[in-house]
>>> print(open('entry_27.pdb').read())   # PDB, C-alpha atoms
ATOM      1  CA  MET A   1       9.061   7.069  -5.610
ATOM      2  CA  VAL A   2      12.565   6.414  -4.396
ATOM      3  CA  GLY A   3      13.891   8.896  -6.980
ATOM      4  CA  ILE A   4      12.188  11.679  -5.051
ATOM      5  CA  MET A   5      14.922  11.390  -2.480
ATOM      6  CA  GLY A   6      17.376  12.448  -5.152
ATOM      7  CA  SER A   7      15.307  15.108  -6.883
ATOM      8  CA  ALA A   8      13.160  17.180  -4.560
ATOM      9  CA  VAL A   9      15.295  16.569  -1.514
ATOM     10  CA  TYR A  10      18.891  17.086  -2.455
ATOM     11  CA  GLY A  11      18.764  20.436  -4.253
ATOM     12  CA  GLN A  12      20.852  21.480  -7.226
ATOM     13  CA  ASN A  13      24.384  20.184  -6.600
ATOM     14  CA  GLY A  14      23.634  16.627  -5.495
ATOM     15  CA  LYS A  15      25.235  17.022  -2.060
ATOM     16  CA  SER A  16      23.210  16.218   0.999
ATOM     17  CA  GLU A  17      22.362  19.106   3.292
ATOM     18  CA  LYS A  18      20.726  17.608   6.356
ATOM     19  CA  GLY A  19      18.814  20.691   7.552
ATOM     20  CA  HIS A  20      17.425  21.328   4.100
ATOM     21  CA  TRP A  21      16.633  17.644   3.721
ATOM     22  CA  LEU A  22      14.813  17.484   7.081
ATOM     23  CA  LEU A  23      12.621  20.452   6.193
ATOM     24  CA  THR A  24      11.926  19.138   2.692
ATOM     25  CA  MET A  25      10.988  15.710   4.052
ATOM     26  CA  SER A  26       8.718  17.390   6.632
ATOM     27  CA  PHE A  27       6.851  19.169   3.839
ATOM     28  CA  TYR A  28       6.671  15.927   1.870
ATOM     29  CA  THR A  29       5.314  14.085   4.940
ATOM     30  CA  SER A  30       2.747  16.827   5.628
ATOM     31  CA  GLY A  31       1.533  16.698   2.022
ATOM     32  CA  SER A  32       1.179  12.926   2.052
ATOM     33  CA  LEU A  33      -0.627  12.809   5.417
ATOM     34  CA  CYS A  34      -2.976  15.733   4.662
ATOM     35  CA  ALA A  35      -3.988  14.326   1.278
ATOM     36  CA  SER A  36      -4.549  10.786   2.516
ATOM     37  CA  ILE A  37      -6.507  11.877   5.623
ATOM     38  CA  ILE A  38      -8.758  14.190   3.582
ATOM     39  CA  LEU A  39      -9.264  11.447   0.969
ATOM     40  CA  GLY A  40     -10.160   8.888   3.678
ATOM     41  CA  SER A  41     -12.694  11.248   5.276
ATOM     42  CA  ALA A  42     -14.240  12.043   1.884
ATOM     43  CA  LEU A  43     -14.544   8.345   1.007
ATOM     44  CA  ALA A  44     -16.164   7.570   4.374
ATOM     45  CA  LEU A  45     -18.573  10.490   3.923
ATOM     46  CA  ALA A  46     -19.495   9.232   0.452
ATOM     47  CA  GLY A  47     -20.070   5.752   1.896
ATOM     48  CA  ASN A  48     -22.332   7.128   4.635
ATOM     49  CA  ILE A  49     -24.385   9.081   2.118
ATOM     50  CA  LEU A  50     -24.644   6.411  -0.579
ATOM     51  CA  LEU A  51     -24.858   3.142   1.378
ATOM     52  CA  SER A  52     -27.481   2.047   3.886
ATOM     53  CA  LYS A  53     -26.415   0.713   7.305
ATOM     54  CA  THR A  54     -27.368  -2.864   6.381
ATOM     55  CA  VAL A  55     -25.295  -2.747   3.200
ATOM     56  CA  GLN A  56     -22.311  -1.325   5.104
ATOM     57  CA  GLU A  57     -22.459  -3.810   7.959
ATOM     58  CA  VAL A  58     -23.381  -7.033   6.160
ATOM     59  CA  TRP A  59     -23.154  -7.227   2.375
ATOM     60  CA  ALA A  60     -20.187  -4.924   1.909
ATOM     61  CA  MET A  61     -18.156  -7.164   4.254
ATOM     62  CA  LEU A  62     -18.844 -10.198   2.080
ATOM     63  CA  LEU A  63     -18.043  -8.294  -1.116
ATOM     64  CA  LEU A  64     -14.833  -6.925   0.360
ATOM     65  CA  GLY A  65     -13.858 -10.388   1.622
ATOM     66  CA  ILE A  66     -14.344 -11.890  -1.863
ATOM     67  CA  LEU A  67     -12.458  -9.022  -3.517
ATOM     68  CA  SER A  68      -9.626  -9.380  -0.986
ATOM     69  CA  LEU A  69      -9.269 -13.024  -1.923
ATOM     70  CA  GLY A  70      -9.316 -12.168  -5.638
ATOM     71  CA  TYR A  71      -6.625  -9.520  -5.214
ATOM     72  CA  ALA A  72      -4.577 -11.850  -2.971
ATOM     73  CA  LEU A  73      -4.536 -14.320  -5.882
ATOM     74  CA  HIS A  74      -3.680 -11.445  -8.240
ATOM     75  CA  GLU A  75      -0.689 -10.483  -6.073
ATOM     76  CA  ALA A  76       0.401 -14.135  -6.028
ATOM     77  CA  HIS A  77       0.191 -14.180  -9.891
ATOM     78  CA  ILE A  78      -2.460 -16.906  -9.829
ATOM     79  CA  LEU A  79      -5.442 -14.847 -11.089
ATOM     80  CA  ARG A  80      -5.744 -11.583 -13.052
ATOM     81  CA  MET A  81      -8.091  -9.001 -11.552
ATOM     82  CA  PRO A  82      -9.043  -5.518 -12.852
ATOM     83  CA  TYR A  83      -6.202  -3.175 -11.954
ATOM     84  CA  PRO A  84      -7.198   0.416 -12.815
ATOM     85  CA  GLN A  85      -4.350   2.894 -12.493
ATOM     86  CA  ARG A  86      -3.144   6.088 -14.161
ATOM     87  CA  LYS A  87       0.447   4.847 -14.716
ATOM     88  CA  CYS A  88       1.755   8.384 -14.258
ATOM     89  CA  GLN A  89       4.649   9.681 -12.227
ATOM     90  CA  VAL A  90       4.712  12.940 -10.299
ATOM     91  CA  PRO A  91       5.259  15.881 -12.715
ATOM     92  CA  ALA A  92       9.045  16.390 -12.885
ATOM     93  CA  ARG A  93       8.589  19.979 -14.140
ATOM     94  CA  TRP A  94       7.364  21.046 -10.689
ATOM     95  CA  ARG A  95      10.982  20.837  -9.510
ATOM     96  CA  PHE A  96      11.784  23.796 -11.769
ATOM     97  CA  GLN A  97       8.503  25.685 -11.345
ATOM     98  CA  PHE A  98       8.227  25.781  -7.543
ATOM     99  CA  HIS A  99      10.358  26.217  -4.449
ATOM    100  CA  PRO A 100      11.789  22.833  -3.255
ATOM    101  CA  TYR A 101       9.570  22.859  -0.141
ATOM    102  CA  MET A 102       6.470  23.512  -2.220
ATOM    103  CA  THR A 103       7.542  20.787  -4.671
ATOM    104  CA  ALA A 104       8.009  18.325  -1.810
ATOM    105  CA  PHE A 105       4.561  19.201  -0.393
ATOM    106  CA  LEU A 106       2.907  18.773  -3.808
ATOM    107  CA  PHE A 107       4.733  15.494  -4.485
ATOM    108  CA  GLY A 108       3.621  14.239  -1.055
ATOM    109  CA  THR A 109       0.048  15.322  -1.780
ATOM    110  CA  LEU A 110      -0.093  13.470  -5.104
ATOM    111  CA  LEU A 111       1.450  10.313  -3.686
ATOM    112  CA  GLY A 112      -0.749  10.429  -0.577
ATOM    113  CA  LEU A 113      -3.825  10.340  -2.818
ATOM    114  CA  GLY A 114      -2.706   6.901  -4.023
ATOM    115  CA  PHE A 115      -4.541   6.675  -7.361
ATOM    116  CA  VAL A 116      -3.002   9.692  -9.083
ATOM    117  CA  THR A 117       0.223   7.813  -9.884
ATOM    118  CA  PHE A 118       1.139   4.122 -10.360
ATOM    119  CA  VAL A 119      -0.719   1.692  -8.098
ATOM    120  CA  SER A 120       2.057  -0.456  -6.676
ATOM    121  CA  VAL A 121       0.004  -3.107  -4.864
ATOM    122  CA  ALA A 122      -3.619  -4.265  -5.019
ATOM    123  CA  SER A 123      -4.098  -3.688  -1.288
ATOM    124  CA  LEU A 124      -4.817  -0.043  -2.149
ATOM    125  CA  TYR A 125      -8.124  -1.030  -3.793
ATOM    126  CA  ILE A 126      -9.191  -2.951  -0.697
ATOM    127  CA  ILE A 127      -8.351  -0.182   1.785
ATOM    128  CA  THR A 128     -10.135   2.363  -0.430
ATOM    129  CA  LEU A 129     -13.289   0.228  -0.392
ATOM    130  CA  ALA A 130     -12.778  -0.362   3.344
ATOM    131  CA  SER A 131     -12.747   3.420   3.915
ATOM    132  CA  ILE A 132     -16.070   3.683   2.070
ATOM    133  CA  ILE A 133     -17.875   0.855   3.847
ATOM    134  CA  GLN A 134     -16.577   1.031   7.424
ATOM    135  CA  GLY A 135     -19.061   3.741   8.385
ATOM    136  CA  SER A 136     -17.235   6.547  10.253
ATOM    137  CA  LEU A 137     -15.331   9.622   9.114
ATOM    138  CA  LEU A 138     -12.642   9.020  11.745
ATOM    139  CA  GLY A 139     -12.255   5.418  10.580
ATOM    140  CA  GLY A 140     -11.835   6.521   6.952
ATOM    141  CA  ALA A 141      -9.304   9.162   7.983
ATOM    142  CA  LEU A 142      -7.353   6.613  10.065
ATOM    143  CA  ILE A 143      -7.286   3.990   7.289
ATOM    144  CA  MET A 144      -6.134   6.297   4.507
ATOM    145  CA  GLY A 145      -3.941   8.232   6.977
ATOM    146  CA  ALA A 146      -2.134   4.952   7.710
ATOM    147  CA  PHE A 147      -1.619   4.583   3.954
ATOM    148  CA  GLY A 148      -0.155   8.105   3.747
ATOM    149  CA  LEU A 149       2.090   7.368   6.729
ATOM    150  CA  GLY A 150       3.239   4.114   5.136
ATOM    151  CA  ARG A 151       4.162   5.939   1.927
ATOM    152  CA  ILE A 152       6.684   8.143   3.710
ATOM    153  CA  ILE A 153       7.858   5.959   6.590
ATOM    154  CA  LEU A 154      10.651   4.142   4.711
ATOM    155  CA  LEU A 155      11.877   7.290   2.982
ATOM    156  CA  TRP A 156      12.996   8.831   6.269
ATOM    157  CA  PRO A 157      15.669   6.245   7.195
ATOM    158  CA  LEU A 158      16.619   5.567   3.562
ATOM    159  CA  GLY A 159      16.884   9.249   2.697
ATOM    160  CA  TYR A 160      18.846  10.027   5.857
ATOM    161  CA  ARG A 161      21.469   7.425   4.964
ATOM    162  CA  ALA A 162      21.753   8.423   1.296
ATOM    163  CA  LYS A 163      24.226  11.300   1.069
ATOM    164  CA  THR A 164      24.804  11.450  -2.704
ATOM    165  CA  PHE A 165      22.865  10.685  -5.883
ATOM    166  CA  GLU A 166      24.956   7.518  -6.288
ATOM    167  CA  MET A 167      23.832   6.300  -2.866
ATOM    168  CA  VAL A 168      20.205   7.107  -3.727
ATOM    169  CA  GLU A 169      20.604   5.045  -6.898
ATOM    170  CA  GLN A 170      22.151   2.153  -4.963
ATOM    171  CA  THR A 171      19.319   2.278  -2.425
ATOM    172  CA  ALA A 172      16.749   2.235  -5.240
ATOM    173  CA  LEU A 173      18.429  -0.781  -6.853
ATOM    174  CA  GLY A 174      18.519  -2.581  -3.495
ATOM    175  CA  LEU A 175      14.823  -1.906  -2.982
ATOM    176  CA  TYR A 176      13.820  -3.129  -6.450
ATOM    177  CA  SER A 177      15.721  -6.372  -5.929
ATOM    178  CA  ILE A 178      13.270  -7.353  -3.168
ATOM    179  CA  LYS A 179      10.114  -6.197  -4.985
ATOM    180  CA  PRO A 180       8.760  -9.760  -5.602
ATOM    181  CA  TYR A 181       8.677 -10.306  -1.829
ATOM    182  CA  VAL A 182       6.601  -7.136  -1.394
ATOM    183  CA  HIS A 183       3.882  -8.635  -3.617
ATOM    184  CA  ARG A 184       4.059 -11.912  -1.742
ATOM    185  CA  VAL A 185       3.636 -10.195   1.627
ATOM    186  CA  ASN A 186       0.650  -8.272   0.250
ATOM    187  CA  ALA A 187      -0.856 -11.509  -1.071
ATOM    188  CA  LEU A 188      -0.592 -13.002   2.413
ATOM    189  CA  ALA A 189      -2.035  -9.888   4.084
ATOM    190  CA  LEU A 190      -4.974  -9.827   1.645
ATOM    191  CA  THR A 191      -5.663 -13.520   2.276
ATOM    192  CA  PHE A 192      -5.673 -12.780   5.982
ATOM    193  CA  CYS A 193      -8.077  -9.882   5.412
ATOM    194  CA  SER A 194     -10.325 -12.003   3.188
ATOM    195  CA  VAL A 195     -10.741 -14.848   5.675
ATOM    196  CA  TYR A 196     -11.214 -12.344   8.486
ATOM    197  CA  LEU A 197     -13.993 -10.469   6.634
ATOM    198  CA  ILE A 198     -15.789 -13.622   5.496
ATOM    199  CA  THR A 199     -15.668 -15.006   9.060
ATOM    200  CA  ILE A 200     -17.137 -11.729  10.385
ATOM    201  CA  TRP A 201     -19.851 -11.872   7.699
ATOM    202  CA  LEU A 202     -20.725 -15.470   8.571
ATOM    203  CA  SER A 203     -21.000 -14.610  12.260
ATOM    204  CA  ASN A 204     -23.391 -11.703  11.469
ATOM    205  CA  VAL A 205     -25.727 -13.570   9.085
TER
ATOM    206  CA  MET B 206      12.354 -34.696 -19.588
ATOM    207  CA  ASN B 207      16.000 -33.635 -19.426
ATOM    208  CA  GLN B 208      17.805 -32.785 -16.188
ATOM    209  CA  GLY B 209      17.497 -28.968 -16.610
ATOM    210  CA  LYS B 210      13.752 -29.051 -17.285
ATOM    211  CA  PHE B 211      13.178 -31.471 -14.423
ATOM    212  CA  GLU B 212      15.104 -29.233 -12.030
ATOM    213  CA  LYS B 213      13.060 -26.199 -13.110
ATOM    214  CA  PHE B 214       9.792 -28.123 -12.659
ATOM    215  CA  ARG B 215      10.873 -29.408  -9.240
ATOM    216  CA  LYS B 216      11.789 -25.911  -8.013
ATOM    217  CA  GLY B 217       8.511 -24.443  -9.320
ATOM    218  CA  PHE B 218       6.536 -27.174  -7.607
ATOM    219  CA  GLN B 219       8.394 -26.667  -4.317
ATOM    220  CA  PHE B 220       7.680 -22.939  -4.468
ATOM    221  CA  ALA B 221       3.974 -23.483  -5.143
ATOM    222  CA  GLU B 222       3.742 -26.046  -2.381
ATOM    223  CA  TYR B 223       5.394 -23.668   0.081
ATOM    224  CA  GLN B 224       3.081 -20.855  -0.994
ATOM    225  CA  TRP B 225      -0.089 -22.916  -0.575
ATOM    226  CA  ASP B 226       1.056 -24.198   2.817
ATOM    227  CA  PHE B 227       1.568 -20.645   3.914
ATOM    228  CA  PHE B 228      -1.817 -19.534   2.573
ATOM    229  CA  ILE B 229      -3.619 -22.325   4.433
ATOM    230  CA  LEU B 230      -1.759 -21.528   7.656
ATOM    231  CA  LEU B 231      -2.564 -17.853   7.287
ATOM    232  CA  ALA B 232      -6.225 -18.522   6.522
ATOM    233  CA  GLY B 233      -6.489 -20.574   9.723
ATOM    234  CA  GLY B 234      -4.764 -17.834  11.734
ATOM    235  CA  SER B 235      -6.965 -15.072  10.373
ATOM    236  CA  GLY B 236     -10.117 -17.106  10.988
ATOM    237  CA  TYR B 237      -8.987 -17.550  14.575
ATOM    238  CA  LEU B 238      -8.322 -13.804  14.950
ATOM    239  CA  ALA B 239     -11.732 -12.973  13.480
ATOM    240  CA  ALA B 240     -13.330 -15.332  15.979
ATOM    241  CA  SER B 241     -11.330 -13.575  18.732
ATOM    242  CA  ARG B 242     -13.048 -10.272  17.746
ATOM    243  CA  ILE B 243      -9.972  -8.252  16.800
ATOM    244  CA  PRO B 244     -11.495  -4.848  15.813
ATOM    245  CA  ILE B 245     -12.070  -4.625  12.066
ATOM    246  CA  LEU B 246     -10.668  -1.089  11.947
ATOM    247  CA  THR B 247      -7.342  -2.400  13.300
ATOM    248  CA  VAL B 248      -7.164  -4.928  10.465
ATOM    249  CA  PHE B 249      -7.854  -2.233   7.858
ATOM    250  CA  ILE B 250      -5.308   0.166   9.385
ATOM    251  CA  VAL B 251      -2.566  -2.490   9.376
ATOM    252  CA  LEU B 252      -3.411  -3.387   5.753
ATOM    253  CA  ALA B 253      -3.341   0.325   4.828
ATOM    254  CA  LEU B 254       0.042   0.789   6.484
ATOM    255  CA  LEU B 255       1.372  -2.201   4.557
ATOM    256  CA  ALA B 256      -0.099  -0.845   1.291
ATOM    257  CA  GLY B 257       1.592   2.501   1.960
ATOM    258  CA  ILE B 258       4.963   0.937   2.754
ATOM    259  CA  SER B 259       4.662  -1.271  -0.353
ATOM    260  CA  SER B 260       4.094   1.845  -2.454
ATOM    261  CA  THR B 261       7.742   2.734  -1.816
ATOM    262  CA  TRP B 262       8.397   0.194  -4.592
ATOM    263  CA  SER B 263       6.217   1.978  -7.180
ATOM    264  CA  PRO B 264       8.087   3.259 -10.287
TER
END
>>> encode(input="entry_27.pdb", output="structure tokens")
Amino acid sequence: MVGIMGSAVYGQNGKSEKGHWLLTMSFYTSGSLCASIILGSALALAGNILLSKTVQEVWAMLLLGILSLGYALHEAHILRMPYPQRKCQVPARWRFQFHPYMTAFLFGTLLGLGFVTFVSVASLYIITLASIIQGSLLGGALIMGAFGLGRIILLWPLGYRAKTFEMVEQTALGLYSIKPYVHRVNALALTFCSVYLITIWLSNV
Amino acid sequence: MNQGKFEKFRKGFQFAEYQWDFFILLAGGSGYLAASRIPILTVFIVLALLAGISSTWSP
């Protein structure tokens, strides 16, 4: 993910060109947001078609609460949960096949879809299920749209600061050094979500 | 148990203890927020934003 700043964004010679970078990042952002919003709406639509109102409002909350707790324990390395993922990266050949703006848009689109590449944290499974069960197209679009926004939000300041490939590499190394904390924060957020959902379920029963 | 092993065990135990304390505190806080009727969509959106930001660390 962080490598994208050094491949699609910085062109052929490795030197930062801010105007080119801004436009490339805009295409990348558009791709990520469009894909995630469309995915969220589609998931919500599928939920509305396939699930009854009672299932959405009552039983799905309990199921999601239990799954949130399971994945919180998974993120804390206490329990192993199913973790389906494709374990693929964005196709590097696109950099040579398409214009850099098109490449950035396509990279953003793939990453905004979430499941097409590596799944970094288990929270993605919970928000995907949340988009299905929460009951409105707008809600689904907002949830997955927030995911798409989150995917690009750190790249803007990090990419702006990184002027050469060496700086991109340093930034990537700095990010990976704090990766264990990312899982811990997600474990805490999923625990929060779990207790919240189970409390809501108990108050509705 | 030699000094090195004991030190490793002690550190591991301290970490686990800290983690569980935090989990219990968080569970209490989230239960309180659920009782306060924070909209469920807000909770999902914040979790989604966090999941997106965390994906910056994917390979």
>>> resolve_selection(input="entry_27.pdb", expression="the ChimeraX specification (/A :<6) & /B", output="ChimeraX atom specification")
/B:232,235-236,239,250,253-254,256-258,260-261,263
>>> closest_residue(input="entry_27.pdb", among="A:Ser68, A:Thr24, A:Thr29, A:Ser136", to="Leu43 (chain A)", atoms="all atoms listed in the file")
A:Ser136
>>> axis_aligned_box(input="entry_27.pdb", around="region 227-246 of chain B", padding_each_side="4 Å", output="lines of an AutoDock Vina configuration file")
center_x = -5.9
center_y = -11.7
center_z = 10.7
size_x = 22.9
size_y = 29.2
size_z = 24.2
>>> atom_distance(input="entry_27.pdb", atom1="CA of Gly70 (chain A)", atom2="CA of Leu238 (chain B)")
20.7 Å
>>> atom_distance(input="entry_27.pdb", atom1="CA of Gln170 (chain A)", atom2="CA of Ser30 (chain A)")
26.5 Å
>>> atom_distance(input="entry_27.pdb", atom1="CA of Ile38 (chain A)", atom2="CA of Leu63 (chain A)")
24.8 Å
>>> residues_around(input="entry_27.pdb", residues="Val55 (chain A)", least_positions_apart="5", cutoff="9 Å", atoms="all atoms listed in the file", output="PyMOL selection string")
chain A and resi 60-61+133
>>> closest_residue(input="entry_27.pdb", among="A:Phe115, A:Trp201, A:Tyr28, A:Tyr160", to="Met102 (chain A)", atoms="only C-alpha atoms")
A:Tyr28
>>> closest_residue(input="entry_27.pdb", among="B:Leu255, B:Gly234, B:Val248, B:Pro264", to="Val90 (chain A)", atoms="all atoms listed in the file")
B:Pro264
>>> residues_near_point(input="entry_27.pdb", point="(3.6, 21.2, 0.9)", cutoff="6 Å", atoms="only C-alpha atoms", output="count of residues only")
6
>>> closest_residue(input="entry_27.pdb", among="B:Leu252, B:Ala240, B:Leu230, B:Ile245", to="Leu202 (chain A)", atoms="only C-alpha atoms")
B:Ala240
